[in-house]
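Engineer: Got a structure for you, my_file_11.cif, holding mmCIF, C-alpha atoms.
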```cif
data_upload
loop_
_atom_site.label_atom_id
_atom_site.label_comp_id
_atom_site.auth_asym_id
_atom_site.auth_seq_id
_atom_site.Cartn_x
_atom_site.Cartn_y
_atom_site.Cartn_z
CA MET A 2 2.80 47.20 14.46
CA ALA A 3 4.20 50.69 13.83
CA ASN A 4 3.40 51.96 17.28
CA LYS A 5 4.92 49.34 19.60
CA ALA A 6 4.19 51.34 22.73
CA LEU A 7 0.44 50.94 22.26
CA THR A 8 0.59 47.36 21.00
CA SER A 9 0.31 44.49 23.46
CA PRO A 10 3.07 41.84 23.47
CA GLU A 11 0.61 39.16 22.33
CA ILE A 12 -0.46 41.16 19.25
CA LEU A 13 3.17 42.04 18.55
CA LEU A 14 4.09 38.36 18.53
CA LEU A 15 1.08 37.48 16.38
CA ASP A 16 2.06 40.12 13.80
CA LYS A 17 5.56 38.69 13.57
CA LEU A 18 4.24 35.15 13.34
CA GLU A 19 1.79 36.12 10.59
CA GLU A 20 4.62 37.86 8.74
CA VAL A 21 6.75 34.72 8.80
CA ASP A 22 3.99 32.14 8.38
CA LYS A 23 2.11 32.08 5.06
CA SER A 24 0.54 28.63 5.40
CA LEU A 25 -2.19 29.16 7.98
CA PRO A 26 -5.61 30.32 6.73
CA VAL A 27 -6.63 33.93 7.21
CA THR A 28 -9.65 33.01 9.32
CA LEU A 29 -7.42 31.30 11.87
CA TRP A 30 -5.26 34.40 12.20
CA GLU A 31 -8.32 36.56 12.77
CA GLN A 32 -9.64 34.16 15.38
CA MET A 33 -6.32 34.14 17.26
CA ARG A 34 -6.18 37.93 17.13
CA SER A 35 -9.70 38.27 18.49
CA ASP A 36 -8.95 35.79 21.27
CA VAL A 37 -5.89 37.78 22.32
CA THR A 38 -7.84 41.02 22.29
CA MET A 39 -10.58 39.48 24.42
CA ALA A 40 -8.03 38.14 26.92
CA ASP A 41 -6.48 41.60 27.21
CA ALA A 42 -9.88 43.13 27.83
CA VAL A 43 -10.64 40.63 30.57
CA GLU A 44 -7.28 41.31 32.22
CA GLU A 45 -7.81 45.05 32.11
CA ALA A 46 -11.19 44.64 33.76
CA ASP A 47 -9.73 42.67 36.65
CA ILE A 48 -10.02 44.91 39.68
CA HIS A 49 -8.01 42.58 41.89
CA THR A 50 -4.79 43.26 39.95
CA LEU A 51 -3.10 46.53 40.62
CA PRO A 52 -2.30 48.76 37.62
CA ALA A 53 1.38 48.80 38.53
CA VAL A 54 1.50 45.03 38.53
CA ARG A 55 -0.22 44.87 35.15
CA GLN A 56 2.21 47.40 33.75
CA ARG A 57 5.19 45.52 35.13
CA LYS A 58 3.89 42.29 33.61
CA LYS A 59 3.42 43.88 30.20
CA MET A 60 6.98 45.16 30.25
CA PHE A 61 8.25 41.73 31.11
CA LEU A 62 6.19 40.12 28.32
CA ARG A 63 7.35 42.72 25.81
CA ASP A 64 10.97 42.05 26.65
CA PHE A 65 10.39 38.32 26.24
CA VAL A 66 8.64 38.79 22.89
CA GLU A 67 11.41 41.02 21.53
CA ARG A 68 14.01 38.43 22.52
CA ALA A 69 12.00 35.67 20.85
CA ILE A 70 11.63 37.69 17.65
CA ASN A 71 15.14 39.10 17.34
CA HIS A 72 17.33 36.34 18.79
CA PRO A 73 18.06 33.36 16.53
CA ILE A 74 17.65 29.74 17.54
CA ARG A 75 20.57 27.31 17.70
CA VAL A 76 20.09 23.80 16.35
CA TYR A 77 22.50 20.89 16.83
CA PRO A 78 23.32 19.13 14.56
CA ASP A 79 23.11 21.55 11.66
CA VAL A 80 19.94 21.41 9.57
CA PRO A 81 19.06 22.86 6.14
CA GLU A 82 17.82 26.42 5.79
CA GLU A 83 14.23 25.37 5.12
CA THR A 84 14.14 23.23 8.28
CA LEU A 85 15.58 26.13 10.27
CA ARG A 86 12.82 28.38 8.96
CA GLN A 87 10.15 25.88 10.02
CA LEU A 88 11.74 25.65 13.47
CA TYR A 89 11.61 29.45 13.76
CA ARG A 90 7.89 29.38 12.92
CA LEU A 91 7.38 26.77 15.58
CA HIS A 92 9.45 28.76 18.06
CA LEU A 93 7.32 31.88 17.63
CA PHE A 94 4.11 29.92 17.98
CA CYS A 95 5.33 28.21 21.16
CA CYS A 96 6.10 31.62 22.65
CA GLN A 97 2.63 32.81 21.68
CA ARG A 98 1.02 29.82 23.34
CA ALA A 99 3.18 30.16 26.47
CA ILE A 100 1.93 33.71 27.02
CA HIS A 101 -1.63 32.38 27.48
CA ASN A 102 -0.62 29.56 29.80
CA ILE A 103 -2.21 29.51 33.27
CA GLU A 104 1.15 29.09 34.99
CA VAL A 105 2.49 32.18 33.23
CA LYS A 106 -0.61 34.14 34.23
CA ARG A 107 0.19 33.44 37.86
CA ASN A 108 3.97 33.74 37.61
CA PRO A 109 5.38 35.57 34.53
CA PHE A 110 8.88 34.28 35.30
CA GLN A 111 7.73 30.83 34.11
CA LEU A 112 7.33 32.14 30.56
CA GLY A 113 10.66 30.90 29.19
CA PHE A 114 10.30 27.48 30.79
CA VAL A 115 6.75 26.98 29.44
CA ALA A 116 7.85 28.05 25.93
CA LEU A 117 10.69 25.51 25.92
CA ARG A 118 8.37 22.79 27.17
CA GLU A 119 5.86 23.58 24.45
CA MET A 120 8.66 23.46 21.87
CA LYS A 121 9.76 20.04 23.03
CA THR A 122 6.19 18.74 22.93
CA ALA A 123 5.80 20.00 19.36
CA LEU A 124 9.04 18.39 18.19
CA MET A 125 8.13 15.10 19.85
CA GLY A 126 4.71 15.13 18.17
CA MET A 127 6.21 15.65 14.71
CA LEU A 128 9.00 13.10 15.11
CA ILE A 129 6.63 10.47 16.49
CA SER A 130 4.31 11.18 13.55
CA TYR A 131 7.16 10.63 11.11
CA ARG A 132 8.15 7.43 12.89
CA LEU A 133 4.57 6.12 12.49
CA ILE A 134 4.41 7.14 8.83
CA ASP A 135 7.83 5.85 7.71
CA PRO A 136 8.10 2.04 8.09
CA SER A 137 11.91 2.17 7.90
CA CYS A 138 12.20 3.75 11.35
CA PRO A 139 13.11 1.28 14.11
CA TYR A 140 10.51 0.29 16.67
CA SER A 141 12.78 1.40 19.49
CA TRP A 142 11.97 5.02 18.62
CA ASN A 143 9.11 5.31 21.05
CA HIS A 144 7.87 8.14 23.23
CA GLN A 145 10.60 7.62 25.81
CA PHE A 146 13.34 7.63 23.15
CA PHE A 147 12.33 11.03 21.75
CA GLU A 148 11.78 12.46 25.21
CA MET A 149 15.37 11.62 26.18
CA ASN A 150 16.99 12.70 22.90
CA ILE A 151 15.22 16.02 22.22
CA ILE A 152 16.71 18.78 24.36
CA THR A 153 15.37 22.36 24.45
CA ASP A 154 17.33 24.89 26.51
CA LYS A 155 18.59 28.48 26.71
CA ASN A 156 22.21 29.51 26.40
CA ALA A 157 23.97 32.41 28.18
CA ASP A 158 22.84 34.93 25.54
CA GLY A 159 19.18 34.00 25.92
CA ASP A 160 18.95 32.14 22.61
CA THR A 161 16.83 29.03 22.30
CA VAL A 162 18.97 25.91 21.81
CA ILE A 163 17.56 22.70 20.28
CA LYS A 164 19.59 19.47 20.35
CA PHE A 165 18.75 16.18 18.65
CA ASN A 166 20.82 13.49 20.34
CA ARG A 167 21.05 10.00 18.78
CA ILE A 168 18.65 11.05 16.03
CA PRO A 169 20.13 10.79 12.50
CA PRO A 170 20.58 14.25 10.93
CA GLN A 171 18.94 13.15 7.68
CA ILE A 172 15.72 12.30 9.53
CA ILE A 173 15.17 15.81 10.94
CA PRO A 174 14.41 17.57 7.59
CA LEU A 175 12.01 14.76 6.66
CA ALA A 176 10.08 15.03 9.93
CA ILE A 177 9.97 18.80 10.43
CA THR A 178 8.18 19.83 7.26
CA GLU A 179 5.92 22.76 6.48
CA GLU A 180 2.83 20.53 6.42
CA LEU A 181 3.45 19.02 9.84
CA VAL A 182 4.33 22.39 11.39
CA THR A 183 1.13 23.89 9.99
CA ASP A 184 -0.90 20.97 11.32
CA TRP A 185 0.61 21.47 14.76
CA LEU A 186 -0.18 25.18 14.71
CA ILE A 187 -3.81 24.45 13.86
CA TYR A 188 -3.97 21.72 16.48
CA ARG A 189 -2.47 23.79 19.32
CA ALA A 190 -3.89 27.21 18.45
CA TYR A 191 -4.93 29.25 21.45
CA ASP A 192 -8.58 28.69 22.51
CA ASN A 193 -9.12 26.38 19.52
CA ASN A 194 -11.01 23.10 19.38
CA GLY A 195 -7.84 21.03 19.16
CA ILE A 196 -7.93 17.81 17.16
CA ARG A 197 -11.50 18.41 15.96
CA THR A 198 -10.49 21.58 14.15
CA LEU A 199 -7.46 19.89 12.63
CA MET A 200 -9.54 16.92 11.52
CA ASP A 201 -12.18 19.12 9.87
CA TYR A 202 -9.53 21.27 8.22
CA LYS A 203 -7.46 18.35 6.86
CA ASN A 204 -10.29 15.94 6.04
CA ASN A 205 -12.82 18.33 4.53
CA LEU A 206 -15.30 18.17 7.44
CA LEU A 207 -15.19 14.37 7.46
CA THR A 208 -14.37 12.27 10.48
CA LEU A 209 -12.03 9.32 10.79
CA PRO A 210 -14.20 6.41 11.99
CA ASP A 211 -11.34 4.39 13.50
CA TYR A 212 -9.57 7.31 15.21
CA GLN A 213 -9.43 7.51 19.00
CA ARG A 214 -9.13 10.93 20.60
CA GLY A 215 -7.41 11.72 23.88
CA GLY A 216 -4.06 11.20 25.51
CA ALA A 217 -0.97 13.37 25.51
CA PRO A 218 -0.90 16.07 22.78
CA GLU A 219 2.06 14.51 20.97
CA ASN A 220 0.44 11.06 20.96
CA GLU A 221 -2.95 12.35 19.83
CA PHE A 222 -1.37 14.38 17.05
CA SER A 223 0.79 11.47 15.85
CA ARG A 224 -2.17 9.07 15.80
CA PHE A 225 -4.09 11.54 13.66
CA GLU A 226 -1.23 11.88 11.17
CA ARG A 227 -0.96 8.10 10.95
CA LYS A 228 -4.69 7.71 10.22
CA MET A 229 -4.57 10.47 7.63
CA GLN A 230 -1.67 8.77 5.87
CA GLU A 231 -3.55 5.46 5.87
CA GLN A 232 -6.58 7.16 4.34
CA ARG A 233 -4.43 8.79 1.65
CA ASN A 234 -2.84 5.43 0.81
CA ARG A 235 -6.27 3.78 0.50
CA PHE A 236 -7.44 6.60 -1.76
CA GLU A 237 -4.37 6.26 -3.97
CA ARG A 238 -4.81 2.50 -4.28
CA HIS A 239 -8.49 2.89 -5.13
CA LYS A 240 -7.60 5.58 -7.65
CA ASN A 241 -5.05 3.31 -9.33
CA GLN A 242 -7.61 0.51 -9.55
CA GLU A 243 -10.09 2.86 -11.18
CA LEU A 244 -7.46 4.00 -13.68
CA ASP A 245 -6.67 0.38 -14.58
CA LEU A 246 -10.36 -0.39 -15.08
CA GLU A 247 -10.84 2.69 -17.21
CA PHE A 248 -7.85 1.72 -19.35
CA ARG A 249 -9.33 -1.73 -19.95
CA LYS A 250 -12.71 -0.25 -20.86
CA THR A 251 -11.09 2.18 -23.29
CA LEU A 252 -9.05 -0.62 -24.85
CA VAL A 253 -12.11 -2.85 -25.33
CA ARG A 254 -14.07 0.10 -26.74
CA ASN A 255 -11.36 0.88 -29.30
CA VAL A 256 -11.04 -2.76 -30.35
CA ALA A 257 -14.82 -3.05 -30.73
CA GLN A 258 -14.93 0.08 -32.87
CA GLN A 259 -12.13 -1.15 -35.11
CA THR A 260 -13.80 -4.56 -35.47
CA ALA A 261 -17.12 -2.92 -36.37
CA ASN A 262 -15.42 -0.82 -39.06
CA GLU A 263 -13.82 -3.94 -40.55
CA MET A 264 -17.18 -5.73 -40.61
CA LEU A 265 -18.84 -2.75 -42.30
CA ASN A 266 -16.10 -2.70 -44.94
CA SER A 267 -16.65 -6.41 -45.56
CA GLY A 268 -20.27 -5.73 -46.66
CA LEU A 269 -22.25 -6.50 -43.53
CA SER A 270 -25.09 -4.20 -42.55
CA ALA A 271 -25.45 -2.56 -39.19
CA SER A 272 -28.28 -4.88 -38.14
CA GLU A 273 -26.24 -7.97 -39.04
CA ILE A 274 -23.28 -6.67 -37.04
CA LEU A 275 -25.50 -6.08 -34.01
CA GLU A 276 -27.07 -9.51 -34.37
CA GLN A 277 -23.68 -11.20 -34.49
CA ALA A 278 -22.43 -9.11 -31.54
CA PHE A 279 -25.34 -10.01 -29.27
CA LYS A 280 -25.34 -13.69 -30.27
CA ALA A 281 -21.57 -14.14 -30.08
CA ASP A 282 -20.24 -16.45 -27.42
CA LEU A 283 -17.06 -14.85 -26.11
CA SER A 284 -16.16 -18.01 -24.24
CA SER A 285 -15.74 -19.81 -27.57
CA LEU A 286 -12.81 -17.54 -28.37
CA VAL A 287 -10.79 -19.23 -25.65
CA VAL A 288 -9.08 -22.35 -27.00
CA ASP A 289 -9.17 -25.13 -24.43
CA LYS A 290 -6.35 -27.60 -25.03
CA PRO A 291 -7.72 -31.18 -24.63
CA LYS A 292 -6.09 -33.46 -22.17
CA PRO A 293 -4.14 -36.40 -23.68
CA ARG A 294 -5.96 -39.74 -23.69
CA TYR A 295 -4.07 -42.99 -23.31
CA ASN A 296 -4.92 -45.58 -25.97
CA GLU A 297 -4.98 -48.90 -24.19
CA MET A 298 -5.68 -50.86 -27.42
CA ASN A 299 -2.45 -49.74 -29.07
CA TYR A 300 -0.53 -50.29 -25.84
CA HIS A 301 -1.31 -54.07 -25.85
CA ALA A 302 -1.32 -54.54 -29.63
CA VAL A 303 2.36 -55.49 -30.00
CA PRO A 304 2.61 -59.23 -30.83
CA SER A 305 5.26 -61.23 -29.08
CA HIS A 306 6.68 -62.97 -32.20
CA GLN A 307 7.70 -59.75 -34.03
CA SER A 308 11.38 -59.05 -34.59
CA HIS A 309 13.23 -56.68 -32.30
CA GLU A 310 13.62 -54.00 -34.97
CA HIS A 311 10.00 -54.12 -35.98
CA HIS A 312 9.01 -54.18 -32.33
CA HIS A 313 11.00 -50.93 -31.73
CA LYS A 314 9.17 -49.20 -34.59
CA ILE A 315 5.85 -50.23 -33.18
CA GLN A 316 6.80 -48.78 -29.77
CA GLU A 317 7.68 -45.42 -31.30
CA GLN A 318 4.26 -45.26 -32.85
CA ASN A 319 2.55 -46.63 -29.76
CA LYS A 320 2.07 -43.29 -27.88
CA PRO A 321 -0.95 -41.64 -26.26
CA TRP A 322 -3.17 -40.18 -28.94
CA LEU A 323 -4.48 -36.62 -28.70
CA ASP A 324 -7.49 -37.08 -31.02
CA SER A 325 -9.47 -39.74 -32.82
CA VAL A 326 -8.16 -38.71 -36.27
CA ALA A 327 -4.64 -39.84 -35.47
CA GLU A 328 -5.99 -43.08 -34.07
CA GLU A 329 -7.93 -43.75 -37.27
CA GLU A 330 -4.81 -43.10 -39.37
CA TYR A 331 -2.93 -45.61 -37.30
CA LEU A 332 -5.60 -48.26 -37.78
CA ASN A 333 -5.65 -47.66 -41.58
CA ALA A 334 -1.85 -47.92 -41.90
CA PRO A 335 -0.33 -50.99 -43.72
CA GLN A 336 1.39 -51.98 -40.54
CA ALA A 337 -1.93 -52.29 -38.77
CA GLN A 338 -3.26 -54.37 -41.68
CA LYS A 339 -0.33 -56.75 -41.34
CA LEU A 340 -1.04 -57.05 -37.71
CA GLN A 341 -4.67 -57.83 -38.45
CA ALA A 342 -3.67 -60.50 -41.05
CA LEU A 343 -1.85 -62.60 -38.53
CA PRO A 344 -3.58 -65.81 -37.47
CA ALA A 345 -5.66 -65.68 -34.42
CA PRO A 346 -4.11 -66.98 -31.24
CA GLU A 347 -6.70 -69.78 -31.04
CA ALA A 348 -6.02 -71.04 -34.58
CA ALA A 349 -2.28 -70.96 -34.14
CA SER A 350 -2.51 -72.98 -30.99
CA LYS A 351 -4.37 -75.94 -32.68
CA LYS A 352 -2.27 -79.11 -33.33
CA THR A 353 -3.00 -82.52 -35.02
CA LYS A 354 -4.15 -85.02 -32.54
CA LYS A 355 -2.34 -88.34 -32.42
CA PRO A 356 -4.44 -91.48 -32.33
CA LEU A 357 -4.98 -92.91 -28.99
CA LYS A 358 -3.01 -95.94 -28.18
CA HIS A 359 -5.04 -99.06 -27.41
CA GLU A 360 -4.03 -102.19 -25.58
CA ASP A 361 -4.68 -104.47 -28.76
CA THR A 362 -2.83 -102.25 -31.19
CA SER A 363 0.09 -104.68 -31.83
CA MET A 364 -2.26 -107.65 -32.54
CA ILE A 365 -4.22 -105.67 -35.10
CA ASP A 366 -1.03 -104.63 -36.86
CA GLU A 367 0.08 -108.30 -37.19
CA MET A 368 -3.28 -109.33 -38.69
CA ILE A 369 -3.10 -106.54 -41.24
CA ALA A 370 0.46 -107.49 -42.23
CA LYS A 371 -0.50 -111.17 -42.64
CA PHE A 372 -3.45 -110.29 -44.80
CA LEU A 373 -1.27 -108.24 -47.10
CA ASP A 374 1.26 -111.11 -47.52
CA GLU A 375 -1.48 -113.49 -48.60
CA ASP A 376 -2.55 -111.13 -51.36
#
```
So, in terms of structure tokens, how does the structure I just supplied come out?
Structural biologist:
Amino acid sequence: MANKALTSPEILLLDKLEEVDKSLPVTLWEQMRSDVTMADAVEEADIHTLPAVRQRKKMFLRDFVERAINHPIRVYPDVPEETLRQLYRLHLFCCQRAIHNIEVKRNPFQLGFVALREMKTALMGMLISYRLIDPSCPYSWNHQFFEMNIITDKNADGDTVIKFNRIPPQIIPLAITEELVTDWLIYRAYDNNGIRTLMDYKNNLLTLPDYQRGGAPENEFSRFERKMQEQRNRFERHKNQELDLEFRKTLVRNVAQQTANEMLNSGLSASEILEQAFKADLSSLVVDKPKPRYNEMNYHAVPSHQSHEHHHKIQEQNKPWLDSVAEEEYLNAPQAQKLQALPAPEAASKKTKKPLKHEDTSMIDEMIAKFLDED
């Protein structure tokens, strides 16, 4: 980078990007550098392009790269310093990618337009990814919403201007993070394998079975970030379940050890403790509360001729019994004995029968009275 006259604009931009960016792996930087060198060699070997044209193009690219490196970017509304640094990383990478675009190869004057378009695509991909990850974002924030409210342009001084219209300022630092910018750089690296490289790099050479590739770059990138977040959430939930299970196992193990120590101190041998442990019925430790049974005998045992006060006492005692012991106590009580000593309903209902009246009853009475007078 010391001798700028002998350094191509692509390598010059890569050196600046590598100086600013510390998140990408070293192997990716070496691959991008080798790809740029190979592209320069192919262009130099092209006999159909005149040397003067190639020289003129290199001067134009160098001027563009120096403007991209030295001129700041303008962001509206204002963002924190860390977000501005991530946007500068993204700006340099978009310029690097625009240099290798086919349209720029044919017409170098399209370089600024292609760089701004690439910048807008990157910002849309990251904001759509954040909208899919954060459930609090409204559903109206779709692809069309971000396309209309993200503006990338150049001002009169040649600086890159980025405007976020109708997007809350507090959302921008949450969406444009170092992780998402690094993922986009890996995904859109020149002559890279796209989403496959990003998937292998982020998921440790594992695939996402329910992920569908294809579509616009911003939509493909956002779908990948959504699936990665779902996988992380499933892993965290599974990890929490394993921690809960391990806590229960540790708790049971400690209680069993303490119980064994108490049994050893009580005089039991190790074999007796093991025998009791293997023959113990753990279900017997759970106390099942019996359901209340309704005693029909005591419900109908109140006689009708008892006094009102005594009848009220009997009703207080006449409740559903929970066990047979209480029922036996009730039957053995003096009150129950009094109730048993009462005459049976059949005996109480018996009455003395009157003699049947006969038609000759009056005549017999007169004969008996006459006989008594004679005596």
Engineer: For the file shown, report as number ranges by chain the outcome of the PyMOL selection byres ((chain A and resi 81) around 10) at residue level.
Structural biologist: A: 79-80, 82-86, 170-171, 173-174
Engineer: Neighbourhood query: residues within 10 Å of (0.6, 34.5, 27.8), file coordinates, counting only C-alpha atoms; return as a VMD selection string.
Structural biologist: chain A and resid 10 to 11 37 40 62 96 to 106 109 112 115 to 116 191
Engineer: Find the distance between atom CA of Gln56 of chain A and atom CA of Leu186 of chain A and write it in Å to one decimal.
Structural biologist: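 That distance, rounded to one decimal, is 29.4 Å.
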Engineer: Out of A:Ala190, A:Val66, A:Leu88, A:Ile74, which residue has the shortest atom-to-atom distance to Gly113 of chain A when counting all atoms listed in the file?
Structural biologist: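 Closest to Gly113 of chain A of all the choices is A:Val66.
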Engineer: Determine the nearest neighbour of Leu18 of chain A from the options A:Ala281, A:Leu93, A:Ile151, A:Leu181, counting all atoms listed in the file.
Structural biologist: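 Residue with the minimum atom-to-atom distance to Leu18 of chain A: A:Leu93.
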Engineer: Please write the residues picked by the PyMOL selection byres ((chain A and resi 133) around 10) on this file as a ChimeraX atom specification.
Structural biologist: /A:127-132,134-140,142-143,223-224,226-228,230
Engineer: Let's have the selection written as a compact mmCIF listing (two decimals), in the coordinates of the input, with C-alpha atoms.
Structural biologist:
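again_1.txt written:
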```txt
# COMPACT_ATOMS: atom_id res chain seq x y z
CA MET A 127 6.21 15.65 14.71
CA LEU A 128 9.00 13.10 15.11
CA ILE A 129 6.63 10.47 16.49
CA SER A 130 4.31 11.18 13.55
CA TYR A 131 7.16 10.63 11.11
CA ARG A 132 8.15 7.43 12.89
CA ILE A 134 4.41 7.14 8.83
CA ASP A 135 7.83 5.85 7.71
CA PRO A 136 8.10 2.04 8.09
CA SER A 137 11.91 2.17 7.90
CA CYS A 138 12.20 3.75 11.35
CA PRO A 139 13.11 1.28 14.11
CA TYR A 140 10.51 0.29 16.67
CA TRP A 142 11.97 5.02 18.62
CA ASN A 143 9.11 5.31 21.05
CA SER A 223 0.79 11.47 15.85
CA ARG A 224 -2.17 9.07 15.80
CA GLU A 226 -1.23 11.88 11.17
CA ARG A 227 -0.96 8.10 10.95
CA LYS A 228 -4.69 7.71 10.22
CA GLN A 230 -1.67 8.77 5.87
```
Engineer: For atom CA of Gln232 of chain A and atom CA of Val27 of chain A, determine how far apart the two atoms are, in Å to one decimal place.
Structural biologist: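 Separation between atom CA of Gln232 of chain A and atom CA of Val27 of chain A: 26.9 Å.
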Engineer: What is the distance, in Å and to one decimal place, between atom CA of Met264 of chain A and atom CA of Asp245 of chain A?
Structural biologist: 28.7 Å
Engineer: Choose the residue, out of A:Val182, A:Gly126, A:Asp160, A:Ile274, that has the smallest atom-to-atom separation from Phe225 of chain A; count only C-alpha atoms.
Structural biologist: A:Gly126
Engineer: Hey, what comes out of the PyMOL selection byres ((chain A and resi 203) around 12) on this file? Could you write it as a PyMOL selection string?
Structural biologist: chain A and resi 180-181+183-185+187-188+196-202+204-209+225-226+228-230+232-233
Engineer: Pick the closest to Gln111 of chain A from A:Leu13, A:Phe65, A:Glu231, A:Val21: which is it, counting only C-alpha atoms?
Structural biologist: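 Answer, going by the shortest atom-to-atom distance: A:Phe65.
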Engineer: If we count only C-alpha atoms, what is near Ala261 of chain A at a cut-off of 12 Å, once residues fewer than 2 positions away on the same chain are taken out, given as a list in words?
Structural biologist: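 Listing them by chain and then by number gives Arg254, Asn255, Val256, Ala257, Gln258, Gln259, Glu263, Met264, Leu265, Asn266, Ser267, Gly268, Leu269, Ser270, Ala271, Ser272, Glu273, Ile274, Leu275, Gln277 and Ala278 of chain A.
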Engineer: Counting all atoms listed in the file, which residue out of A:Phe236, A:Phe147, A:Phe94, A:Phe165 sits closest to Lys17 of chain A?
Structural biologist: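 That would be A:Phe94, the residue with the smallest distance to Lys17 of chain A.
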